[in-house]
>>> print(open('structure04.txt').read())   # compact mmCIF, C-alpha atoms
# COMPACT_ATOMS: atom_id res chain seq x y z
CA MET N 24 -38.18 -47.06 -2.25
CA ALA N 25 -35.42 -45.17 -4.01
CA GLU N 26 -36.47 -41.94 -2.26
CA VAL N 27 -36.37 -43.71 1.12
CA ALA N 28 -32.92 -45.10 0.35
CA ASN N 29 -31.65 -41.67 -0.68
CA ALA N 30 -33.07 -40.07 2.46
CA THR N 31 -31.41 -42.72 4.59
CA GLN N 32 -28.08 -42.21 2.83
CA ASN N 33 -28.35 -38.43 3.24
CA GLY N 34 -29.12 -38.81 6.92
CA ALA N 35 -26.14 -41.09 7.38
CA ALA N 36 -23.92 -38.62 5.56
CA VAL N 37 -25.06 -35.79 7.83
CA ALA N 38 -24.43 -37.95 10.88
CA ASP N 39 -20.95 -38.86 9.63
CA GLU N 40 -20.13 -35.20 8.98
CA ALA N 41 -21.28 -34.26 12.49
CA THR N 42 -19.18 -37.00 14.04
CA THR N 43 -16.14 -35.88 12.02
CA TRP N 44 -15.82 -32.76 14.16
CA LEU N 45 -15.86 -34.68 17.46
CA CYS N 46 -12.46 -35.29 19.07
CA ALA N 47 -12.09 -38.45 21.12
CA ALA N 48 -9.84 -38.67 24.18
CA GLU N 49 -7.03 -40.30 22.21
CA SER N 50 -7.44 -37.99 19.21
CA GLU N 51 -4.40 -35.97 18.14
CA ALA N 52 -6.69 -33.17 16.95
CA GLN N 53 -6.92 -30.22 19.33
CA PRO N 54 -10.54 -29.37 20.16
CA THR N 55 -11.55 -25.72 20.06
CA ILE N 56 -14.78 -26.26 21.99
CA SER N 57 -15.25 -28.37 25.11
CA VAL N 58 -18.83 -29.23 26.04
CA VAL N 59 -19.21 -30.33 29.67
CA MET N 60 -22.29 -32.08 31.04
CA PRO N 61 -22.70 -33.44 34.57
CA THR N 62 -24.85 -36.58 34.57
CA LEU N 63 -26.73 -38.49 37.21
CA ASP N 64 -28.82 -41.26 35.63
CA GLU N 65 -29.60 -39.44 32.37
CA GLU N 66 -29.85 -42.44 30.02
CA ASP N 67 -33.16 -41.13 28.66
CA GLY N 68 -31.72 -37.85 27.40
CA ILE N 69 -27.96 -38.20 26.96
CA ALA N 70 -28.08 -39.53 23.38
CA GLU N 71 -30.24 -36.67 22.09
CA CYS N 72 -27.99 -34.10 23.81
CA ILE N 73 -24.83 -35.56 22.25
CA THR N 74 -26.48 -35.71 18.82
CA ARG N 75 -27.42 -32.03 19.08
CA ILE N 76 -23.87 -31.11 20.16
CA LYS N 77 -22.46 -32.91 17.13
CA THR N 78 -24.86 -31.00 14.90
CA ALA N 79 -23.70 -27.70 16.43
CA LEU N 80 -20.03 -28.59 15.88
CA ALA N 81 -20.74 -29.47 12.28
CA GLU N 82 -22.54 -26.16 11.75
CA LEU N 83 -19.57 -24.32 13.20
CA GLU N 84 -17.14 -26.56 11.32
CA THR N 85 -15.08 -26.49 14.49
CA PRO N 86 -13.50 -29.46 16.31
CA GLY N 87 -14.81 -30.10 19.78
CA GLU N 88 -14.96 -32.60 22.60
CA ILE N 89 -17.80 -33.73 24.85
CA ILE N 90 -16.89 -34.44 28.46
CA ILE N 91 -19.44 -36.26 30.59
CA SER N 92 -18.80 -35.85 34.31
CA ASP N 93 -20.73 -38.90 35.43
CA SER N 94 -22.04 -40.24 38.73
CA SER N 95 -24.72 -42.51 37.26
CA THR N 96 -25.86 -46.00 38.16
CA ASP N 97 -27.71 -46.53 34.86
CA ARG N 98 -26.46 -46.83 31.25
CA THR N 99 -25.59 -43.14 30.83
CA PRO N 100 -21.79 -43.58 30.65
CA GLU N 101 -22.03 -46.51 28.22
CA ILE N 102 -24.30 -44.57 25.86
CA ALA N 103 -22.03 -41.54 26.04
CA ARG N 104 -18.86 -43.53 25.29
CA ASP N 105 -20.51 -45.32 22.36
CA MET N 106 -21.36 -41.93 20.86
CA GLY N 107 -17.80 -40.64 21.12
CA ALA N 108 -17.96 -38.65 24.36
CA ILE N 109 -15.23 -38.65 27.00
CA VAL N 110 -16.53 -39.92 30.34
CA VAL N 111 -14.87 -38.96 33.61
CA GLU N 112 -15.95 -40.00 37.08
CA PRO N 113 -15.60 -37.32 39.78
CA ASP N 114 -14.09 -38.49 43.06
CA GLY N 115 -16.53 -36.33 45.02
CA ALA N 116 -20.26 -35.64 45.11
CA GLY N 117 -22.28 -32.66 44.00
CA TYR N 118 -23.36 -30.71 40.92
CA GLY N 119 -20.69 -28.07 41.35
CA TYR N 120 -17.94 -30.56 42.03
CA ALA N 121 -18.83 -32.51 38.88
CA TYR N 122 -18.31 -29.35 36.83
CA ARG N 123 -15.10 -28.34 38.58
CA TYR N 124 -13.68 -31.84 38.15
CA ALA N 125 -14.42 -31.77 34.42
CA PHE N 126 -13.18 -28.20 33.93
CA GLU N 127 -9.72 -29.36 35.02
CA ARG N 128 -9.68 -31.75 32.05
CA VAL N 129 -11.01 -29.59 29.20
CA ARG N 130 -8.75 -28.90 26.21
CA GLY N 131 -10.83 -26.41 24.27
CA GLU N 132 -10.40 -22.66 24.05
CA TYR N 133 -14.14 -22.22 24.64
CA ILE N 134 -16.19 -24.13 27.20
CA VAL N 135 -19.88 -24.95 27.01
CA MET N 136 -21.82 -26.15 30.03
CA GLY N 137 -25.34 -27.53 30.13
CA ASP N 138 -27.57 -30.25 31.53
CA ALA N 139 -27.94 -33.65 29.88
CA ASP N 140 -31.72 -33.91 30.29
CA THR N 141 -32.72 -32.36 26.89
CA THR N 142 -34.04 -29.18 28.52
CA TYR N 143 -31.36 -27.17 26.70
CA ASP N 144 -31.10 -27.34 22.92
CA PHE N 145 -27.36 -27.66 22.27
CA GLU N 146 -27.91 -26.82 18.62
CA ALA N 147 -28.04 -23.22 19.93
CA ILE N 148 -24.33 -23.39 20.85
CA PRO N 149 -23.29 -21.26 17.82
CA ARG N 150 -25.52 -18.39 18.98
CA LEU N 151 -24.08 -18.43 22.52
CA LEU N 152 -20.53 -18.87 21.26
CA GLU N 153 -20.63 -15.87 18.92
CA PRO N 154 -20.31 -13.02 21.50
CA VAL N 155 -17.58 -14.90 23.39
CA ARG N 156 -15.61 -15.69 20.25
CA ASP N 157 -16.01 -12.09 19.03
CA GLY N 158 -14.69 -10.79 22.35
CA THR N 159 -17.81 -8.80 23.23
CA ALA N 160 -18.50 -11.05 26.24
CA ASP N 161 -16.54 -13.21 28.64
CA ILE N 162 -19.59 -15.34 29.42
CA CYS N 163 -22.74 -15.82 27.36
CA MET N 164 -25.81 -17.35 28.97
CA GLY N 165 -28.97 -18.73 27.46
CA SER N 166 -31.91 -16.85 28.94
CA ARG N 167 -34.99 -18.96 29.41
CA LEU N 168 -37.01 -16.12 30.93
CA ASN N 169 -36.35 -13.86 27.92
CA GLY N 170 -36.88 -16.74 25.52
CA GLU N 171 -39.50 -19.48 25.33
CA ILE N 172 -40.38 -21.88 28.13
CA ARG N 173 -42.26 -24.85 26.68
CA PRO N 174 -45.34 -26.08 28.60
CA GLY N 175 -44.38 -28.55 31.31
CA SER N 176 -40.67 -27.78 31.14
CA MET N 177 -40.48 -25.57 34.26
CA PRO N 178 -42.70 -25.60 37.36
CA THR N 179 -44.89 -22.49 37.69
CA LEU N 180 -43.31 -21.70 41.07
CA HIS N 181 -39.84 -21.67 39.50
CA GLN N 182 -40.89 -19.67 36.43
CA TYR N 183 -42.76 -16.84 38.14
CA ILE N 184 -41.31 -16.74 41.67
CA GLY N 185 -38.16 -18.79 42.28
CA ASN N 186 -35.95 -17.91 39.31
CA PRO N 187 -36.99 -14.22 39.09
CA ALA N 188 -36.47 -13.78 42.85
CA LEU N 189 -33.04 -15.42 42.87
CA THR N 190 -32.04 -13.42 39.80
CA ALA N 191 -33.16 -10.19 41.52
CA PHE N 192 -31.00 -11.10 44.54
CA LEU N 193 -27.96 -11.66 42.34
CA ASN N 194 -28.47 -8.45 40.40
CA LEU N 195 -28.90 -6.43 43.60
CA PHE N 196 -25.98 -7.93 45.52
CA TYR N 197 -23.49 -8.54 42.72
CA ASP N 198 -24.41 -6.23 39.81
CA ALA N 199 -24.82 -9.24 37.52
CA GLY N 200 -27.27 -7.47 35.19
CA VAL N 201 -28.85 -10.68 33.88
CA SER N 202 -32.43 -11.82 33.33
CA ASP N 203 -32.00 -15.53 34.13
CA ALA N 204 -29.14 -16.02 36.58
CA HIS N 205 -29.75 -19.73 37.04
CA SER N 206 -29.81 -20.86 33.46
CA GLY N 207 -27.39 -23.77 33.23
CA PHE N 208 -26.65 -23.26 29.52
CA ARG N 209 -23.49 -21.12 29.33
CA VAL N 210 -20.49 -20.54 27.08
CA PHE N 211 -17.27 -18.91 28.27
CA SER N 212 -13.59 -18.71 27.42
CA ARG N 213 -10.75 -20.51 29.17
CA ASP N 214 -9.40 -17.09 30.19
CA ALA N 215 -12.68 -16.28 31.93
CA LEU N 216 -12.62 -19.64 33.71
CA ALA N 217 -9.06 -18.98 34.90
CA THR N 218 -10.19 -15.64 36.32
CA LEU N 219 -12.93 -17.20 38.44
CA ASP N 220 -12.35 -18.74 41.86
CA LEU N 221 -14.97 -21.50 41.89
CA GLU N 222 -15.09 -23.53 45.08
CA THR N 223 -18.64 -24.77 45.76
CA ASP N 224 -19.75 -28.38 45.30
CA GLY N 225 -23.54 -28.12 45.23
CA MET N 226 -26.26 -26.45 43.17
CA GLU N 227 -25.12 -23.03 44.39
CA PHE N 228 -22.26 -23.41 41.90
CA ALA N 229 -24.51 -21.76 39.29
CA SER N 230 -24.85 -18.70 41.50
CA GLU N 231 -21.17 -18.66 42.46
CA MET N 232 -20.07 -18.40 38.84
CA ILE N 233 -22.23 -15.33 38.18
CA MET N 234 -21.43 -13.75 41.55
CA ASP N 235 -17.70 -14.09 41.06
CA ALA N 236 -17.92 -12.93 37.45
CA GLY N 237 -19.87 -9.83 38.50
CA ALA N 238 -17.49 -9.07 41.37
CA LYS N 239 -14.47 -9.36 39.05
CA GLY N 240 -15.94 -7.23 36.30
CA LEU N 241 -16.34 -9.94 33.65
CA LYS N 242 -18.79 -9.03 30.88
CA ILE N 243 -21.87 -11.23 30.73
CA GLU N 244 -24.27 -11.33 27.78
CA GLU N 245 -27.47 -13.30 27.28
CA VAL N 246 -29.13 -14.92 24.28
CA PRO N 247 -32.83 -15.93 24.39
CA ILE N 248 -33.26 -19.71 24.21
CA THR N 249 -36.05 -22.24 24.20
CA TYR N 250 -36.36 -24.35 27.33
CA HIS N 251 -37.72 -27.85 26.68
CA GLU N 252 -39.38 -30.52 28.78
CA ARG N 253 -36.84 -32.83 30.36
CA GLU N 254 -36.34 -36.52 29.71
CA GLY N 255 -35.98 -38.67 32.80
CA GLU N 256 -36.64 -37.96 36.46
CA GLU N 257 -36.16 -34.58 38.13
CA THR N 258 -33.21 -34.51 40.57
CA LEU N 259 -33.68 -30.91 41.77
CA ASP N 260 -35.01 -30.25 45.28
CA SER N 261 -36.72 -26.89 44.78
CA PHE N 262 -36.76 -25.58 48.35
CA GLN N 263 -33.48 -27.06 49.56
CA ASP N 264 -31.53 -26.02 46.47
CA GLY N 265 -33.21 -22.60 46.42
CA TRP N 266 -32.22 -22.02 50.04
CA ARG N 267 -28.63 -23.08 49.26
CA HIS N 268 -28.49 -20.36 46.60
CA ILE N 269 -29.91 -17.69 48.91
CA ARG N 270 -27.68 -18.67 51.83
CA PHE N 271 -24.57 -18.63 49.64
CA MET N 272 -25.44 -15.21 48.23
CA LEU N 273 -26.05 -13.72 51.67
CA ILE N 274 -22.95 -15.04 53.42
CA ASN N 275 -20.82 -13.80 50.52
CA ALA N 276 -22.31 -10.29 50.73
CA PRO N 277 -21.79 -9.25 54.39
CA GLY N 278 -22.36 -5.64 53.42
CA TYR N 279 -26.00 -6.41 52.60
CA LEU N 280 -26.42 -9.03 55.31
CA PHE N 281 -24.80 -7.13 58.19
CA SER N 282 -23.37 -3.68 57.45
CA VAL N 283 -26.32 -1.99 55.74
CA PRO N 284 -29.00 -3.20 58.20
CA GLY N 285 -26.68 -2.46 61.13
CA LEU N 286 -25.87 1.09 60.01
CA VAL N 287 -29.51 1.85 59.27
CA GLY N 288 -30.58 0.53 62.70
CA ALA N 289 -27.87 2.48 64.52
CA ALA N 290 -28.74 5.68 62.63
CA ILE N 291 -32.44 5.38 63.43
CA GLY N 292 -31.60 4.63 67.05
CA GLY N 293 -29.33 7.66 67.34
CA VAL N 294 -31.98 9.98 65.86
CA LEU N 295 -34.62 8.63 68.25
CA MET N 296 -32.35 9.20 71.25
CA LEU N 297 -31.52 12.72 70.07
CA LEU N 298 -35.16 13.67 69.54
CA ALA N 299 -36.31 12.11 72.81
CA GLY N 300 -33.48 13.70 74.80
CA SER N 301 -33.92 17.17 73.28
CA GLY N 302 -37.66 17.32 73.87
CA LEU N 303 -38.35 18.23 70.24
CA SER N 304 -41.69 17.14 68.79
CA VAL N 305 -42.18 15.37 65.46
CA GLY N 306 -45.47 16.12 63.72
CA GLY N 307 -46.85 17.46 66.96
CA ILE N 308 -45.85 14.30 68.83
CA SER N 309 -43.31 14.50 71.65
CA LEU N 310 -41.05 11.51 72.11
CA GLY N 311 -40.58 10.30 75.66
CA VAL N 312 -38.62 7.82 77.66
CA HIS N 313 -39.95 4.81 75.79
CA SER N 314 -38.63 6.26 72.51
CA MET N 315 -35.31 6.85 74.26
CA LEU N 316 -35.18 3.21 75.34
CA GLY N 317 -36.09 2.04 71.84
CA GLY N 318 -33.44 4.27 70.32
CA SER N 319 -30.84 2.91 72.74
CA LEU N 320 -31.72 -0.66 71.82
CA LEU N 321 -31.51 0.08 68.08
CA THR N 322 -28.17 1.85 68.46
CA ILE N 323 -26.61 -1.02 70.40
CA VAL N 324 -28.00 -3.75 68.15
CA GLY N 325 -27.10 -1.75 65.03
CA PHE N 326 -23.49 -1.41 66.14
CA GLN N 327 -23.31 -5.12 66.95
CA VAL N 328 -24.72 -6.15 63.57
CA THR N 329 -22.33 -3.76 61.76
CA SER N 330 -19.39 -5.24 63.63
CA LEU N 331 -20.47 -8.70 62.45
CA GLY N 332 -20.10 -7.42 58.88
CA VAL N 333 -16.53 -6.37 59.68
CA PHE N 334 -15.76 -9.74 61.27
CA ALA N 335 -17.25 -11.62 58.29
CA THR N 336 -15.21 -9.55 55.83
CA VAL N 337 -11.94 -10.14 57.68
CA ALA N 338 -12.57 -13.82 58.43
CA SER N 339 -14.04 -15.10 55.17
CA ASP N 340 -12.81 -12.87 52.31
CA PRO N 341 -16.28 -12.83 50.70
CA ILE N 342 -16.96 -12.50 46.98
CA ARG N 343 -18.68 -9.13 47.45
CA ARG N 344 -16.88 -7.12 50.12
CA PRO N 345 -18.89 -4.40 51.94
CA SER N 346 -18.49 -1.00 50.29
CA ASP N 347 -19.92 1.28 52.97
CA PRO N 348 -17.37 3.85 54.26
CA LEU N 349 -17.48 2.68 57.89
CA THR N 350 -16.80 -1.00 57.15
CA GLU N 351 -14.12 -0.15 54.58
CA TRP N 352 -12.39 2.15 57.07
CA LEU N 353 -12.60 -0.38 59.90
CA THR N 354 -11.21 -3.25 57.80
CA SER N 355 -8.45 -1.24 56.12
CA ALA N 356 -7.31 1.04 58.94
CA PHE N 357 -7.92 -1.29 61.86
CA GLN N 358 -5.44 -1.30 64.72
CA LEU N 359 -6.11 -3.03 68.00
CA GLU N 360 -4.72 -0.25 70.15
CA ARG N 361 -6.58 2.52 68.30
CA SER N 362 -9.92 0.70 68.35
CA ALA N 363 -9.55 -0.28 71.99
CA MET N 364 -8.74 3.34 72.85
CA VAL N 365 -11.89 4.55 71.09
CA GLY N 366 -13.92 2.01 73.06
CA LEU N 367 -12.35 3.09 76.33
CA VAL N 368 -13.09 6.75 75.57
CA VAL N 369 -16.77 5.97 74.84
CA PHE N 370 -16.96 3.76 77.91
CA GLY N 371 -15.24 6.40 80.04
CA GLY N 372 -17.62 9.11 78.87
CA GLY N 373 -20.65 7.01 79.70
CA ALA N 374 -19.23 5.85 83.02
CA GLY N 375 -18.24 9.41 83.98
CA TYR N 376 -21.73 10.66 83.20
CA ALA N 377 -23.24 7.80 85.21
CA VAL N 378 -21.02 8.70 88.19
CA TYR N 379 -22.13 12.32 87.92
CA LEU N 380 -25.78 11.27 87.95
CA ALA N 381 -25.19 8.97 90.89
CA SER N 382 -23.43 11.75 92.83
CA ARG N 383 -26.42 14.04 92.32
CA TRP N 384 -28.68 11.31 93.59
CA ILE N 385 -26.49 10.81 96.68
CA ALA N 386 -26.27 14.57 97.28
CA SER N 387 -30.07 14.78 97.33
CA GLY N 388 -30.18 12.26 100.14
CA PHE N 389 -31.25 9.51 97.77
CA ARG N 390 -34.52 11.39 97.21
CA GLN N 391 -34.09 13.10 93.82
CA LEU N 392 -33.61 10.52 91.07
CA PRO N 393 -31.88 11.67 87.87
CA LEU N 394 -33.81 11.79 84.61
CA VAL N 395 -34.38 8.37 83.08
CA ALA N 396 -33.35 9.73 79.69
CA ALA N 397 -29.97 10.72 81.09
CA ASP N 398 -29.56 7.21 82.52
CA VAL N 399 -30.28 5.70 79.12
CA VAL N 400 -27.65 7.88 77.43
CA ALA N 401 -25.03 6.98 80.04
CA PHE N 402 -25.64 3.26 79.98
CA THR N 403 -25.85 3.17 76.16
CA ALA N 404 -22.39 4.72 76.01
CA ILE N 405 -21.10 2.21 78.58
CA VAL N 406 -22.43 -0.77 76.60
CA LEU N 407 -21.14 0.56 73.28
CA GLY N 408 -17.72 1.25 74.79
CA LEU N 409 -17.44 -2.29 76.11
CA GLN N 410 -18.57 -3.70 72.75
CA ILE N 411 -15.94 -1.68 70.89
CA VAL N 412 -13.14 -2.80 73.22
CA PHE N 413 -13.95 -6.50 73.10
CA SER N 414 -14.79 -6.38 69.38
CA ALA N 415 -11.35 -4.89 68.75
CA PHE N 416 -9.66 -7.81 70.52
CA PHE N 417 -11.89 -10.32 68.73
CA MET N 418 -11.13 -8.78 65.32
CA SER N 419 -7.42 -8.82 66.16
CA THR N 420 -7.68 -12.53 66.95
CA ILE N 421 -9.35 -13.23 63.60
CA ALA N 422 -6.80 -11.16 61.69
CA SER N 423 -3.91 -12.96 63.41
CA ALA N 424 -5.39 -16.37 62.62
CA ARG N 425 -5.58 -15.51 58.88
CA GLN N 426 -1.92 -14.45 58.67
>>> encode(input="structure04.txt", output="structure tokens")
Amino acid sequence: MAEVANATQNGAAVADEATTWLCAAESEAQPTISVVMPTLDEEDGIAECITRIKTALAELETPGEIIISDSSTDRTPEIARDMGAIVVEPDGAGYGYAYRYAFERVRGEYIVMGDADTTYDFEAIPRLLEPVRDGTADICMGSRLNGEIRPGSMPTLHQYIGNPALTAFLNLFYDAGVSDAHSGFRVFSRDALATLDLETDGMEFASEMIMDAGAKGLKIEEVPITYHEREGEETLDSFQDGWRHIRFMLINAPGYLFSVPGLVGAAIGGVLMLLAGSGLSVGGISLGVHSMLGGSLLTIVGFQVTSLGVFATVASDPIRRPSDPLTEWLTSAFQLERSAMVGLVVFGGGAGYAVYLASRWIASGFRQLPLVAADVVAFTAIVLGLQIVFSAFFMSTIASARQ
């Protein structure tokens, strides 16, 4: 009985020590660490998460605060308040908005974010905080894919397809250089947060943070973590939320969405037209009029898609601006008059060639038709010229509207 009493007293002492480092809303103590958790009916896991955060603060011997950004209809906020957390209620909906609302109210020099469903072990906060506090990283993320994923904690589709694929997208488009881009367990400094322009409200917020950090040259490090089975019901919609991430990444990288495919298509189209028009053979195969038509179509479509990349860059100011020379030149050196003149020259060349072909046809008594390949070249130039002229006016309209 004495041993049980001593164990109970020791446990209470540890709990008291952990609570000592927690700063309440009315506390005069200045927290060094702010832990932010968005909650939506997490009464099954919130208590364990807060207990683990207190343990981490005690290990660090560093004062901290816990901010719960709550939209629950269950007992989550009551449990959190009873355990010393600060509860705020966002005036808007969404995972990203809940974080942004809470970030405006943090007092700590270092910010920790994570889910309140027990999937992340907040006792690992010291390991994630170390590279940020030492200045070797602006953001430190807990990597589930490089760590341990407990059985039943992550659906197989997410573990082997969804998360790796989304991470590959982010690394390709935004040079993030991470293994688990959608881990929600992150530590970063207030300076890093001030550098980021975070605007999204939904689940794509997790992607936006890494995208913007990569685009602005912030240093990101990862620490392997253990990912646990959640308490409470899953609120993630795998396909809808996954699509939101992909859509957000694509529309904020017009170079990959528009410029690169457009330039590649136009280049292939131009080569096809050149080979078909010159009569040269490729691998013993001679390209004919059908190849000329296909090349014309690719050239026109390629130019149109590339111009969409220019429009998207000018109109939306994306996170990752296109870096290909053509798009950079068009967006930086654009002038309506110059672009319209180029379009008129291309159009005039095609129209002049078409008139020449028509005159030959008339001179032959409407009996000798010109070569179809020559027709394709002339009409391709006419279409491209018109596209350049009207695209120039459209881009000028967009630029004027943004001023």
>>> residues_around(input="structure04.txt", residues="N:Gly137", least_positions_apart="3", cutoff="6 Å", atoms="all atoms listed in the file", output="PyMOL selection string")
chain N and resi 60+207-208
>>> residues_around(input="structure04.txt", residues="N:Tyr250", least_positions_apart="6", cutoff="8 Å", atoms="all atoms listed in the file", output="list in words")
Thr142, Tyr143, Asp144, Arg167, Gly170, Glu171, Ile172, Arg173 and Ser176 of chain N
>>> closest_residue(input="structure04.txt", among="N:Phe211, N:Phe416, N:Tyr379, N:Trp384", to="N:Ser57", atoms="only C-alpha atoms")
N:Phe211
>>> atom_distance(input="structure04.txt", atom1="atom CA of N:Met315", atom2="atom CA of N:Ala363")
26.8 Å
>>> closest_residue(input="structure04.txt", among="N:Leu303, N:Leu219, N:Met164, N:Val406", to="N:Met232", atoms="only C-alpha atoms")
N:Leu219
>>> residues_around(input="structure04.txt", residues="N:Glu82", least_positions_apart="4", cutoff="9 Å", atoms="all atoms listed in the file", output="number ranges by chain")
N: 41, 77-78, 146, 149
>>> closest_residue(input="structure04.txt", among="N:Ile69, N:Val337, N:Met136, N:Ala238", to="N:Ser419", atoms="all atoms listed in the file")
N:Val337
>>> decode(input="structure04.txt", residues="stretch 218-236 of chain N", atoms="N, CA, C and O atoms", output="tab-separated table (two decimals), in the first residue's frame")
chain	number	residue	atom	x	y	z
N	218	THR	N	7.13	35.37	-42.79
N	218	THR	CA	7.60	35.35	-44.17
N	218	THR	C	6.57	34.75	-45.12
N	218	THR	O	6.49	35.13	-46.29
N	219	LEU	N	5.78	33.83	-44.61
N	219	LEU	CA	4.82	33.11	-45.45
N	219	LEU	C	3.55	33.93	-45.69
N	219	LEU	O	3.10	34.67	-44.82
N	220	ASP	N	3.00	33.77	-46.88
N	220	ASP	CA	1.71	34.38	-47.23
N	220	ASP	C	0.68	33.26	-47.31
N	220	ASP	O	0.45	32.70	-48.38
N	221	LEU	N	0.06	32.95	-46.19
N	221	LEU	CA	-0.89	31.83	-46.11
N	221	LEU	C	-2.30	32.37	-46.25
N	221	LEU	O	-2.72	33.23	-45.49
N	222	GLU	N	-3.04	31.81	-47.22
N	222	GLU	CA	-4.35	32.37	-47.54
N	222	GLU	C	-5.46	31.34	-47.62
N	222	GLU	O	-6.63	31.70	-47.62
N	223	THR	N	-5.14	30.05	-47.73
N	223	THR	CA	-6.17	29.05	-47.98
N	223	THR	C	-6.92	28.70	-46.70
N	223	THR	O	-6.41	28.84	-45.59
N	224	ASP	N	-8.14	28.20	-46.87
N	224	ASP	CA	-9.01	27.86	-45.74
N	224	ASP	C	-9.14	26.37	-45.52
N	224	ASP	O	-9.46	25.93	-44.42
N	225	GLY	N	-8.95	25.57	-46.57
N	225	GLY	CA	-9.21	24.14	-46.48
N	225	GLY	C	-7.99	23.30	-46.18
N	225	GLY	O	-6.96	23.78	-45.69
N	226	MET	N	-8.09	21.99	-46.51
N	226	MET	CA	-7.01	21.05	-46.24
N	226	MET	C	-5.76	21.35	-47.05
N	226	MET	O	-4.67	20.92	-46.68
N	227	GLU	N	-5.90	22.09	-48.16
N	227	GLU	CA	-4.74	22.42	-48.98
N	227	GLU	C	-3.79	23.37	-48.26
N	227	GLU	O	-2.69	23.66	-48.75
N	228	PHE	N	-4.20	23.85	-47.08
N	228	PHE	CA	-3.33	24.70	-46.27
N	228	PHE	C	-1.99	24.02	-45.99
N	228	PHE	O	-0.94	24.67	-45.98
N	229	ALA	N	-2.02	22.70	-45.77
N	229	ALA	CA	-0.78	21.96	-45.49
N	229	ALA	C	0.16	22.05	-46.67
N	229	ALA	O	1.38	22.19	-46.50
N	230	SER	N	-0.38	21.96	-47.88
N	230	SER	CA	0.46	22.08	-49.08
N	230	SER	C	0.94	23.51	-49.26
N	230	SER	O	2.10	23.75	-49.62
N	231	GLU	N	0.04	24.48	-49.03
N	231	GLU	CA	0.39	25.88	-49.25
N	231	GLU	C	1.60	26.28	-48.41
N	231	GLU	O	2.49	27.00	-48.89
N	232	MET	N	1.65	25.83	-47.17
N	232	MET	CA	2.76	26.21	-46.30
N	232	MET	C	4.09	25.73	-46.87
N	232	MET	O	5.08	26.49	-46.91
N	233	ILE	N	4.14	24.49	-47.33
N	233	ILE	CA	5.39	23.95	-47.88
N	233	ILE	C	5.70	24.59	-49.23
N	233	ILE	O	6.86	24.89	-49.54
N	234	MET	N	4.69	24.80	-50.06
N	234	MET	CA	4.90	25.43	-51.36
N	234	MET	C	5.49	26.83	-51.21
N	234	MET	O	6.47	27.19	-51.87
N	235	ASP	N	4.88	27.61	-50.32
N	235	ASP	CA	5.34	28.98	-50.14
N	235	ASP	C	6.72	29.01	-49.50
N	235	ASP	O	7.57	29.85	-49.85
N	236	ALA	N	6.97	28.09	-48.57
N	236	ALA	CA	8.28	28.02	-47.94
N	236	ALA	C	9.36	27.67	-48.97
N	236	ALA	O	10.45	28.27	-48.98
